[in-house]
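Below: final_23.cif (mmCIF, C-alpha atoms)
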```
data_work
#
loop_
_atom_site.label_atom_id
_atom_site.label_comp_id
_atom_site.auth_asym_id
_atom_site.auth_seq_id
_atom_site.Cartn_x
_atom_site.Cartn_y
_atom_site.Cartn_z
CA MET A 1 218.12 37.75 -23.52
CA SER A 2 221.08 36.06 -25.16
CA ILE A 3 220.77 35.43 -28.90
CA ASP A 4 222.77 32.93 -30.93
CA ALA A 5 224.87 35.15 -33.25
CA SER A 6 225.55 32.38 -35.78
CA ARG A 7 221.86 31.69 -36.24
CA TYR A 8 221.12 35.38 -36.66
CA SER A 9 223.95 35.81 -39.16
CA LYS A 10 222.40 33.05 -41.23
CA MET A 11 219.08 34.85 -41.13
CA PHE A 12 220.69 38.14 -42.15
CA LEU A 13 221.94 36.57 -45.40
CA ASP A 14 218.30 36.49 -46.50
CA ALA A 15 217.47 39.90 -45.13
CA SER A 16 218.36 43.48 -45.78
CA ASP A 17 221.97 44.59 -45.24
CA ASN A 18 220.75 46.96 -42.55
CA CYS A 19 219.54 44.16 -40.27
CA THR A 20 220.94 44.02 -36.76
CA SER A 21 220.53 41.65 -33.84
CA LEU A 22 218.10 42.15 -30.98
CA PRO A 23 219.28 44.63 -28.36
CA ALA A 24 221.16 43.19 -25.43
CA GLY A 25 219.36 42.76 -22.14
CA ASP A 26 215.85 41.77 -21.16
CA VAL A 27 213.94 42.32 -24.41
CA CYS A 28 210.23 43.15 -23.88
CA SER A 29 210.74 42.88 -20.10
CA SER A 30 210.40 39.11 -20.53
CA THR A 31 211.51 38.33 -16.97
CA LEU A 32 208.83 40.55 -15.45
CA ASN A 33 206.27 39.09 -17.85
CA VAL A 34 207.12 35.54 -16.76
CA VAL A 35 206.95 36.54 -13.08
CA PHE A 36 203.50 38.04 -13.71
CA GLN A 37 202.34 34.81 -15.35
CA SER A 38 203.88 32.70 -12.55
CA ILE A 39 201.67 34.53 -10.07
CA LEU A 40 198.62 34.64 -12.32
CA GLY A 41 198.60 30.92 -13.21
CA PRO A 42 198.39 29.39 -9.70
CA SER A 43 196.01 32.14 -8.55
CA ALA A 44 193.61 31.53 -11.45
CA LEU A 45 193.82 27.76 -10.97
CA THR A 46 193.00 28.07 -7.25
CA ALA A 47 190.12 30.48 -7.81
CA ASN A 48 188.52 28.30 -10.49
CA ILE A 49 188.86 25.12 -8.43
CA PHE A 50 187.30 27.00 -5.52
CA LEU A 51 184.37 28.19 -7.67
CA GLY A 52 183.98 24.78 -9.31
CA ALA A 53 183.79 23.05 -5.93
CA ALA A 54 181.20 25.54 -4.67
CA ALA A 55 179.14 25.19 -7.87
CA TYR A 56 179.21 21.40 -7.49
CA LEU A 57 177.99 21.63 -3.89
CA ARG A 58 175.14 23.86 -4.99
CA TRP A 59 174.41 21.45 -7.86
CA THR A 60 173.92 18.63 -5.34
CA ARG A 61 171.25 20.74 -3.66
CA GLY A 62 169.32 21.36 -6.86
CA ARG A 63 169.85 21.43 -10.61
CA SER A 64 169.40 24.54 -12.74
CA PRO A 65 170.56 25.77 -16.17
CA GLU A 66 172.58 28.58 -14.62
CA LYS A 67 174.78 26.09 -12.74
CA ILE A 68 175.57 24.16 -15.92
CA LEU A 69 176.67 27.40 -17.57
CA ILE A 70 178.81 28.38 -14.59
CA PHE A 71 180.48 24.95 -14.77
CA ASN A 72 181.33 25.69 -18.39
CA LEU A 73 182.79 29.11 -17.52
CA VAL A 74 185.06 27.36 -15.02
CA ALA A 75 186.03 24.79 -17.67
CA CYS A 76 186.89 27.53 -20.18
CA SER A 77 189.02 29.35 -17.62
CA LEU A 78 190.88 26.15 -16.70
CA VAL A 79 191.65 25.51 -20.38
CA MET A 80 193.18 28.99 -20.60
CA VAL A 81 195.24 28.34 -17.47
CA VAL A 82 196.59 25.14 -19.05
CA VAL A 83 198.07 27.03 -22.03
CA LEU A 84 199.49 29.83 -19.86
CA PRO A 85 202.84 27.97 -19.35
CA ILE A 86 203.16 27.66 -23.14
CA HIS A 87 202.84 31.41 -23.48
CA ALA A 88 205.40 31.98 -20.71
CA PHE A 89 207.84 29.67 -22.46
CA LEU A 90 207.39 31.50 -25.77
CA VAL A 91 208.08 34.83 -24.07
CA THR A 92 211.44 33.54 -22.81
CA LYS A 93 212.37 32.27 -26.29
CA LEU A 94 211.65 35.40 -28.30
CA GLY A 95 214.92 35.28 -30.22
CA SER A 96 214.40 31.71 -31.41
CA PHE A 97 210.76 32.46 -32.18
CA LEU A 98 211.78 35.29 -34.50
CA LEU A 99 214.02 32.79 -36.29
CA CYS A 100 210.99 30.58 -36.93
CA ASP A 101 212.14 27.67 -34.80
CA ARG A 102 209.87 24.80 -35.87
CA SER A 103 209.07 23.59 -32.34
CA LEU A 104 208.35 27.07 -31.02
CA TRP A 105 206.15 27.90 -34.01
CA LEU A 106 204.15 24.72 -33.39
CA LEU A 107 203.75 25.69 -29.72
CA TYR A 108 202.66 29.18 -30.76
CA ARG A 109 199.99 27.86 -33.10
CA THR A 110 198.80 25.39 -30.47
CA ARG A 111 198.51 28.11 -27.85
CA GLU A 112 196.64 30.36 -30.28
CA GLU A 113 194.17 27.62 -31.25
CA ILE A 114 193.41 26.44 -27.70
CA GLN A 115 193.12 29.97 -26.35
CA LEU A 116 190.76 31.06 -29.13
CA ILE A 117 188.62 27.92 -28.82
CA ALA A 118 188.19 28.52 -25.08
CA ASN A 119 187.54 32.20 -25.75
CA LEU A 120 184.78 31.55 -28.29
CA ALA A 121 183.19 28.92 -26.03
CA THR A 122 183.19 31.45 -23.18
CA LEU A 123 181.46 34.08 -25.31
CA ALA A 124 178.77 31.59 -26.33
CA THR A 125 178.27 30.73 -22.67
CA PHE A 126 177.77 34.40 -21.81
CA VAL A 127 174.98 34.54 -24.39
CA ALA A 128 173.13 31.70 -22.64
CA ILE A 129 173.73 33.13 -19.15
CA ALA A 130 172.41 36.53 -20.23
CA TYR A 131 169.30 34.93 -21.74
CA ASP A 132 168.79 32.92 -18.56
CA ARG A 133 168.91 36.16 -16.55
CA PHE A 134 166.25 37.70 -18.78
CA GLU A 135 163.96 34.70 -18.43
CA VAL A 136 164.41 34.51 -14.65
CA LEU A 137 163.37 38.16 -14.25
CA THR A 138 160.40 38.03 -16.64
CA LYS A 139 158.92 34.52 -16.52
CA PHE A 140 157.70 32.01 -13.98
CA PRO A 141 159.75 28.76 -13.77
CA ASN A 142 157.24 26.73 -15.80
CA GLN A 143 157.31 29.32 -18.61
CA ARG A 144 161.07 29.37 -19.21
CA ARG A 145 162.55 27.85 -22.35
CA LEU A 146 166.09 27.34 -21.07
CA THR A 147 166.07 24.05 -19.19
CA VAL A 148 168.92 22.01 -17.75
CA ARG A 149 168.89 19.78 -20.83
CA LEU A 150 169.00 22.73 -23.22
CA ALA A 151 171.80 24.30 -21.19
CA CYS A 152 173.84 21.09 -21.56
CA MET A 153 173.15 21.04 -25.30
CA HIS A 154 174.19 24.68 -25.55
CA VAL A 155 177.51 23.94 -23.82
CA VAL A 156 178.25 21.05 -26.19
CA CYS A 157 177.31 23.16 -29.22
CA ALA A 158 179.47 26.05 -27.98
CA TRP A 159 182.58 23.87 -27.90
CA CYS A 160 181.78 22.13 -31.19
CA VAL A 161 181.17 25.39 -33.04
CA SER A 162 184.36 26.87 -31.58
CA LEU A 163 186.33 23.86 -32.80
CA LEU A 164 184.73 24.00 -36.25
CA ILE A 165 185.61 27.69 -36.57
CA ILE A 166 189.18 27.73 -35.23
CA LEU A 167 190.65 24.45 -36.50
CA PRO A 168 190.15 25.23 -40.23
CA LEU A 169 191.52 28.75 -39.70
CA TYR A 170 194.81 27.44 -38.27
CA ASN A 171 195.21 24.33 -40.40
CA GLY A 172 195.13 23.57 -44.09
CA PRO A 173 195.31 26.35 -46.69
CA LEU A 174 194.56 29.10 -44.14
CA ARG A 175 197.21 28.10 -41.62
CA PRO A 176 199.60 30.94 -40.66
CA HIS A 177 203.14 30.69 -42.03
CA CYS A 178 206.16 31.66 -40.01
CA VAL A 179 208.24 34.45 -41.54
CA LYS A 180 211.77 35.08 -40.28
CA LYS A 181 212.25 38.51 -38.81
CA CYS A 182 215.15 40.79 -37.93
CA LEU A 183 215.72 44.33 -36.73
CA GLN A 184 216.05 47.01 -39.36
CA GLY A 185 216.76 50.31 -37.70
CA SER A 186 214.39 50.68 -34.76
CA ASP A 187 211.65 48.47 -36.23
CA LEU A 188 211.25 44.75 -36.67
CA ALA A 189 211.49 44.11 -40.42
CA LEU A 190 210.48 40.95 -42.24
CA SER A 191 213.45 39.23 -43.81
CA CYS A 192 211.83 36.99 -46.39
CA ASN A 193 208.84 36.71 -48.70
CA GLY A 194 205.50 35.20 -47.80
CA LEU A 195 204.01 38.24 -46.08
CA ALA A 196 201.19 38.54 -48.64
CA ILE A 197 200.12 34.94 -47.98
CA ASN A 198 200.09 35.55 -44.24
CA HIS A 199 198.13 38.79 -44.63
CA THR A 200 195.47 37.06 -46.72
CA SER A 201 194.94 34.19 -44.26
CA ALA A 202 195.22 36.57 -41.29
CA THR A 203 192.54 38.82 -42.77
CA ILE A 204 190.21 35.86 -43.17
CA ARG A 205 190.87 34.71 -39.58
CA ILE A 206 190.30 38.20 -38.20
CA ALA A 207 187.07 38.60 -40.19
CA VAL A 208 185.59 35.25 -39.13
CA VAL A 209 186.49 35.62 -35.46
CA THR A 210 185.26 39.24 -35.44
CA VAL A 211 181.88 38.23 -36.84
CA TYR A 212 181.52 35.47 -34.23
CA ILE A 213 182.50 37.80 -31.38
CA THR A 214 180.16 40.51 -32.65
CA VAL A 215 177.19 38.14 -32.83
CA CYS A 216 177.87 36.83 -29.31
CA CYS A 217 178.33 40.33 -27.88
CA ILE A 218 175.10 41.53 -29.49
CA GLY A 219 173.18 38.53 -28.14
CA THR A 220 174.61 38.99 -24.64
CA SER A 221 174.07 42.76 -24.64
CA VAL A 222 170.47 42.54 -25.81
CA SER A 223 169.51 40.03 -23.11
CA LEU A 224 171.36 41.92 -20.36
CA LEU A 225 169.86 45.27 -21.43
CA ARG A 226 166.39 43.76 -21.42
CA ALA A 227 167.07 42.22 -18.01
CA THR A 228 168.37 45.57 -16.70
CA TRP A 229 165.27 47.33 -18.00
CA GLU A 230 163.06 44.77 -16.28
CA MET A 231 164.93 45.31 -13.00
CA ARG A 232 164.37 49.06 -13.14
CA ALA A 233 160.88 49.19 -14.61
CA HIS A 234 159.27 46.21 -12.89
CA ARG A 235 161.09 45.87 -9.58
CA GLN A 236 157.84 45.62 -7.62
CA GLN A 237 156.42 42.93 -9.92
CA ILE A 238 159.63 40.91 -9.55
CA GLU A 239 159.38 41.18 -5.77
CA VAL A 240 155.76 40.03 -5.92
CA MET A 241 156.71 37.08 -8.14
CA TYR A 242 159.60 35.86 -5.93
CA GLY A 243 159.29 37.64 -2.63
CA ILE A 244 161.57 40.48 -1.55
CA VAL A 245 164.56 38.35 -0.48
CA ARG A 246 164.62 36.06 -3.51
CA ALA A 247 163.96 38.99 -5.84
CA ARG A 248 167.03 40.75 -4.46
CA THR A 249 169.01 37.56 -5.00
CA GLU A 250 168.03 37.36 -8.67
CA VAL A 251 168.67 41.07 -9.26
CA ASN A 252 172.09 40.87 -7.59
CA PHE A 253 173.06 37.84 -9.65
CA THR A 254 172.06 39.68 -12.82
CA LYS A 255 174.37 42.52 -11.79
CA LEU A 256 177.09 39.92 -11.21
CA VAL A 257 176.69 38.60 -14.77
CA ILE A 258 176.94 42.14 -16.14
CA ALA A 259 180.14 42.73 -14.13
CA ILE A 260 181.74 39.50 -15.37
CA SER A 261 180.80 40.23 -19.00
CA LEU A 262 182.28 43.74 -18.87
CA THR A 263 185.44 42.42 -17.21
CA TYR A 264 185.88 39.81 -19.92
CA ILE A 265 185.50 42.45 -22.63
CA LEU A 266 188.03 44.76 -20.94
CA THR A 267 190.64 42.01 -20.63
CA TRP A 268 190.31 40.68 -24.19
CA THR A 269 189.55 43.73 -26.36
CA PRO A 270 193.06 45.29 -26.09
CA THR A 271 194.59 41.95 -27.07
CA GLY A 272 192.38 41.64 -30.14
CA VAL A 273 193.16 45.18 -31.29
CA ALA A 274 196.90 44.69 -30.75
CA ARG A 275 196.85 41.40 -32.64
CA ILE A 276 195.24 43.08 -35.66
CA ILE A 277 197.84 45.87 -35.61
CA VAL A 278 200.76 43.44 -35.26
CA THR A 279 199.44 41.31 -38.10
CA LEU A 280 199.17 44.26 -40.47
CA ASP A 281 202.20 46.33 -39.36
CA LEU A 282 204.87 44.52 -37.35
CA SER A 283 207.56 46.21 -35.24
CA LEU A 284 209.53 45.24 -32.16
CA THR A 285 207.59 47.66 -29.98
CA ARG A 286 204.24 46.38 -31.21
CA LEU A 287 205.39 42.78 -30.73
CA CYS A 288 206.37 43.50 -27.12
CA VAL A 289 203.03 45.19 -26.46
CA ASP A 290 201.23 42.23 -28.02
CA LEU A 291 203.09 39.76 -25.76
CA TRP A 292 202.16 41.75 -22.67
CA LEU A 293 198.53 42.13 -23.71
CA VAL A 294 198.23 38.39 -24.36
CA SER A 295 199.54 37.85 -20.82
CA TRP A 296 197.00 40.39 -19.56
CA SER A 297 194.14 38.62 -21.37
CA PHE A 298 194.69 35.57 -19.16
CA MET A 299 193.53 37.75 -16.27
CA SER A 300 189.97 36.90 -17.33
CA ALA A 301 190.59 33.37 -16.04
CA LEU A 302 191.30 34.86 -12.59
CA LEU A 303 188.88 37.79 -12.47
CA THR A 304 185.82 35.78 -13.53
CA PRO A 305 185.81 33.43 -10.49
CA VAL A 306 187.03 36.18 -8.13
CA ILE A 307 184.17 38.52 -9.08
CA TYR A 308 181.69 35.67 -8.87
CA ILE A 309 182.87 34.64 -5.40
CA LYS A 310 183.06 38.24 -4.19
CA MET A 311 179.57 39.27 -5.34
CA ASP A 312 177.72 36.01 -4.62
CA LYS A 313 178.02 35.52 -0.86
CA ARG A 314 176.28 32.13 -1.05
CA ILE A 315 179.37 30.63 -2.67
CA LEU A 316 181.37 31.22 0.52
CA LEU A 317 178.39 30.20 2.62
CA VAL A 318 177.99 26.78 1.02
CA LEU A 319 181.71 26.05 1.40
CA ARG A 320 181.73 27.21 5.01
CA ASN A 321 178.77 25.00 5.81
CA ARG A 322 180.49 21.99 4.21
CA VAL A 323 183.64 22.66 6.23
CA CYS A 324 181.56 23.06 9.38
CA ARG A 325 179.84 19.73 8.77
CA TYR A 326 183.20 18.07 8.10
CA PHE A 327 184.57 19.25 11.44
CA ARG A 328 181.20 18.63 13.13
CA VAL A 329 180.59 22.28 13.87
CA ALA A 330 177.12 23.81 13.71
CA PRO A 331 176.73 25.19 10.15
CA LEU A 332 175.89 28.79 9.44
CA ALA A 333 172.30 29.70 8.78
CA THR A 334 171.47 29.00 5.18
CA ARG A 335 170.21 31.70 2.92
CA PRO A 336 167.47 31.46 0.28
CA SER A 337 168.60 29.64 -2.84
CA PHE A 338 168.11 30.77 -6.42
CA SER A 339 164.62 30.60 -7.79
CA THR A 340 165.99 28.22 -10.40
CA ASP A 341 167.04 25.66 -7.81
CA VAL A 342 164.94 22.52 -7.63
CA LYS A 343 163.68 21.97 -4.11
#
```
Translate the structure described by the file into structure tokens.
Amino acid sequence: MSIDASRYSKMFLDASDNCTSLPAGDVCSSTLNVVFQSILGPSALTANIFLGAAAYLRWTRGRSPEKILIFNLVACSLVMVVVLPIHAFLVTKLGSFLLCDRSLWLLYRTREEIQLIANLATLATFVAIAYDRFEVLTKFPNQRRLTVRLACMHVVCAWCVSLLIILPLYNGPLRPHCVKKCLQGSDLALSCNGLAINHTSATIRIAVVTVYITVCCIGTSVSLLRATWEMRAHRQQIEVMYGIVRARTEVNFTKLVIAISLTYILTWTPTGVARIIVTLDLSLTRLCVDLWLVSWSFMSALLTPVIYIKMDKRILLVLRNRVCRYFRVAPLATRPSFSTDVK
């Protein structure tokens, strides 16, 4: 990456005498990172459109709370895909970003806010999906509390709460301040004051987001563990309540939800840990790792629909039947729908 020497020399006047410019070449393997994102973005967009179309076709056959929540998962993933180009652009402009370029810093804050808002809304959606799974495996349809209307209200509340949490943390007194940086030896050293202010606001942001994530993870885990226990302890009762075929469908979908939840945790946890470390102790190596882990976290937008489509065969079936009807070909035999579908 080529760095403007005059701009860096200006920065060094405010920094330690031992400051040096970034090493020549492809810093942080930025080119490979951008290539990775160039493949990830279109793939995630295609997979989510595919899942959204299939969910809509199933919605036309019958409404259920679970479908509303799946729609919201698709929406959250699409929001993340939208900000992926911003992240790719920031990766290619690392030198200017370290100099606190005003436009790049604004893009960075925007990407952080949108990504976190979508992330928190996704976690809240997982809580509702997990609770829906528990109710489906333990209660008859007329006994369940989570209705289509409540699912819609939950989705709206999830986005509103996410906005109310993130916007104050990145605006006003708690907004992060850009601090110019330069290399000092083998580490990335801060070249001006203001670190204490950033650490204070960063600590508050980390604490608030951590509490929210913890509450959502506990709620999701409790419901999924209870649902898993019901599957193992009362498999025969579930089969009596739904019939063998439909019972297997509900059990398999519960396993699907568990797989998606674990995948989401595995893609986002490393990013959260790296962000805390970078905030508290910055170096060039840690910054490069953080950039790569942020890129990796966007994999959740691809893996969520892929796992859903792979494990729920009815998604492919409903699309195949629609294509068959479009080309006037005899559709494939339909399979039993979810117990939550309205006949």
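Here CA of Thr110 (chain A) and CA of Gly172 (chain A) stand 14.2 Å from one another.
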Using all atoms listed in the file, which residues sit within 7 Å of region 290-298 of chain A once same-chain residues fewer than 2 positions away are excluded, as a ChimeraX atom specification? /A:33,37,80,267-268,270-271,274-275,286-288,300-301
Keeping C-alpha atoms for every residue in the selection just given, could you write it to a file as a PDB file, keeping the file's coordinate frame?
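Contents of part_19.pdb, as written:
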```pdb
ATOM      1  CA  ASN A  33     206.270  39.090 -17.850  1.00  0.00           C
ATOM      2  CA  GLN A  37     202.340  34.810 -15.350  1.00  0.00           C
ATOM      3  CA  MET A  80     193.180  28.990 -20.600  1.00  0.00           C
ATOM      4  CA  THR A 267     190.640  42.010 -20.630  1.00  0.00           C
ATOM      5  CA  TRP A 268     190.310  40.680 -24.190  1.00  0.00           C
ATOM      6  CA  PRO A 270     193.060  45.290 -26.090  1.00  0.00           C
ATOM      7  CA  THR A 271     194.590  41.950 -27.070  1.00  0.00           C
ATOM      8  CA  ALA A 274     196.900  44.690 -30.750  1.00  0.00           C
ATOM      9  CA  ARG A 275     196.850  41.400 -32.640  1.00  0.00           C
ATOM     10  CA  ARG A 286     204.240  46.380 -31.210  1.00  0.00           C
ATOM     11  CA  LEU A 287     205.390  42.780 -30.730  1.00  0.00           C
ATOM     12  CA  CYS A 288     206.370  43.500 -27.120  1.00  0.00           C
ATOM     13  CA  SER A 300     189.970  36.900 -17.330  1.00  0.00           C
ATOM     14  CA  ALA A 301     190.590  33.370 -16.040  1.00  0.00           C
TER      15      ALA A 301
END
```
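Remark: for Thr203 (chain A), the closest of the candidate residues A:Arg226, A:Lys181, A:Arg175, A:Arg58 is A:Arg175 (distances computed over only C-alpha atoms).
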Have a look at A:Asn142, A:Cys100, A:Ser77, A:Val289 and name the one nearest to Ile277 (chain A); count only C-alpha atoms. A:Val289
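Distances here use all atoms listed in the file; by that measure, the residue among A:Val161, A:Ala118, A:Leu174, A:Ala202 closest to Ala75 (chain A) is A:Ala118.
For the choices A:Met299, A:Ala227, A:Val257, A:Val81, the atom-to-atom distance to Ile114 (chain A) is smallest for A:Val81 when using only C-alpha atoms.
Every protein, DNA or RNA residue with an atom at most 10 Å from Glu112 (chain A), where all atoms listed in the file count and chain neighbours fewer than 4 positions away do not, is listed here: Val83, His87, Leu106, Leu107, Tyr108, Leu116, Ile117, Ile166 and Tyr170 of chain A.
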Set the distance at 10 Å and use all atoms listed in the file: which residues neighbour Glu135 (chain A) once local chain neighbours fewer than 6 positions away are removed? I'd like the list as a ChimeraX atom specification. /A:129,141,143-146,223,226-227
Take region 142-166 of chain A from the preceding structure and save N, CA and C atoms as a compact mmCIF listing (two decimals), in the first residue's frame.
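Output below, filename out.txt:
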```txt
# COMPACT_ATOMS: atom_id res chain seq x y z
N ASN A 142 -53.27 -23.88 20.08
CA ASN A 142 -54.15 -22.92 20.76
C ASN A 142 -53.64 -22.51 22.13
N GLN A 143 -52.53 -23.13 22.60
CA GLN A 143 -51.98 -22.81 23.90
C GLN A 143 -50.74 -21.90 23.81
N ARG A 144 -50.27 -21.64 22.63
CA ARG A 144 -49.01 -20.90 22.46
C ARG A 144 -49.24 -19.40 22.61
N ARG A 145 -48.27 -18.74 23.24
CA ARG A 145 -48.35 -17.30 23.46
C ARG A 145 -47.84 -16.50 22.26
N LEU A 146 -46.83 -17.04 21.58
CA LEU A 146 -46.22 -16.31 20.47
C LEU A 146 -47.08 -16.45 19.22
N THR A 147 -47.80 -15.38 18.90
CA THR A 147 -48.64 -15.35 17.71
C THR A 147 -47.95 -14.56 16.61
N VAL A 148 -48.58 -14.53 15.45
CA VAL A 148 -48.03 -13.75 14.34
C VAL A 148 -47.94 -12.27 14.72
N ARG A 149 -48.96 -11.76 15.38
CA ARG A 149 -48.96 -10.36 15.78
C ARG A 149 -47.85 -10.06 16.77
N LEU A 150 -47.67 -10.94 17.76
CA LEU A 150 -46.61 -10.73 18.73
C LEU A 150 -45.23 -10.86 18.09
N ALA A 151 -45.11 -11.74 17.11
CA ALA A 151 -43.84 -11.88 16.40
C ALA A 151 -43.50 -10.59 15.66
N CYS A 152 -44.50 -9.98 15.02
CA CYS A 152 -44.28 -8.70 14.33
C CYS A 152 -43.89 -7.61 15.32
N MET A 153 -44.56 -7.59 16.47
CA MET A 153 -44.22 -6.59 17.49
C MET A 153 -42.80 -6.81 18.02
N HIS A 154 -42.42 -8.07 18.16
CA HIS A 154 -41.07 -8.38 18.64
C HIS A 154 -40.02 -7.88 17.65
N VAL A 155 -40.27 -8.06 16.36
CA VAL A 155 -39.33 -7.61 15.34
C VAL A 155 -39.16 -6.10 15.40
N VAL A 156 -40.29 -5.38 15.49
CA VAL A 156 -40.22 -3.92 15.57
C VAL A 156 -39.47 -3.48 16.82
N CYS A 157 -39.76 -4.12 17.95
CA CYS A 157 -39.08 -3.77 19.20
C CYS A 157 -37.59 -4.08 19.13
N ALA A 158 -37.24 -5.18 18.45
CA ALA A 158 -35.82 -5.55 18.34
C ALA A 158 -35.03 -4.47 17.63
N TRP A 159 -35.57 -3.94 16.53
CA TRP A 159 -34.88 -2.89 15.80
C TRP A 159 -34.87 -1.57 16.57
N CYS A 160 -35.99 -1.26 17.22
CA CYS A 160 -36.06 0.00 17.99
C CYS A 160 -35.09 -0.01 19.16
N VAL A 161 -35.05 -1.11 19.89
CA VAL A 161 -34.14 -1.21 21.03
C VAL A 161 -32.68 -1.15 20.56
N SER A 162 -32.39 -1.81 19.45
CA SER A 162 -31.03 -1.78 18.90
C SER A 162 -30.62 -0.35 18.55
N LEU A 163 -31.53 0.39 17.93
CA LEU A 163 -31.25 1.78 17.59
C LEU A 163 -31.05 2.62 18.84
N LEU A 164 -31.90 2.42 19.84
CA LEU A 164 -31.81 3.21 21.07
C LEU A 164 -30.53 2.91 21.85
N ILE A 165 -29.97 1.71 21.68
CA ILE A 165 -28.74 1.36 22.37
C ILE A 165 -27.52 1.89 21.63
N ILE A 166 -27.46 1.68 20.32
CA ILE A 166 -26.25 1.97 19.55
C ILE A 166 -26.09 3.45 19.23
```
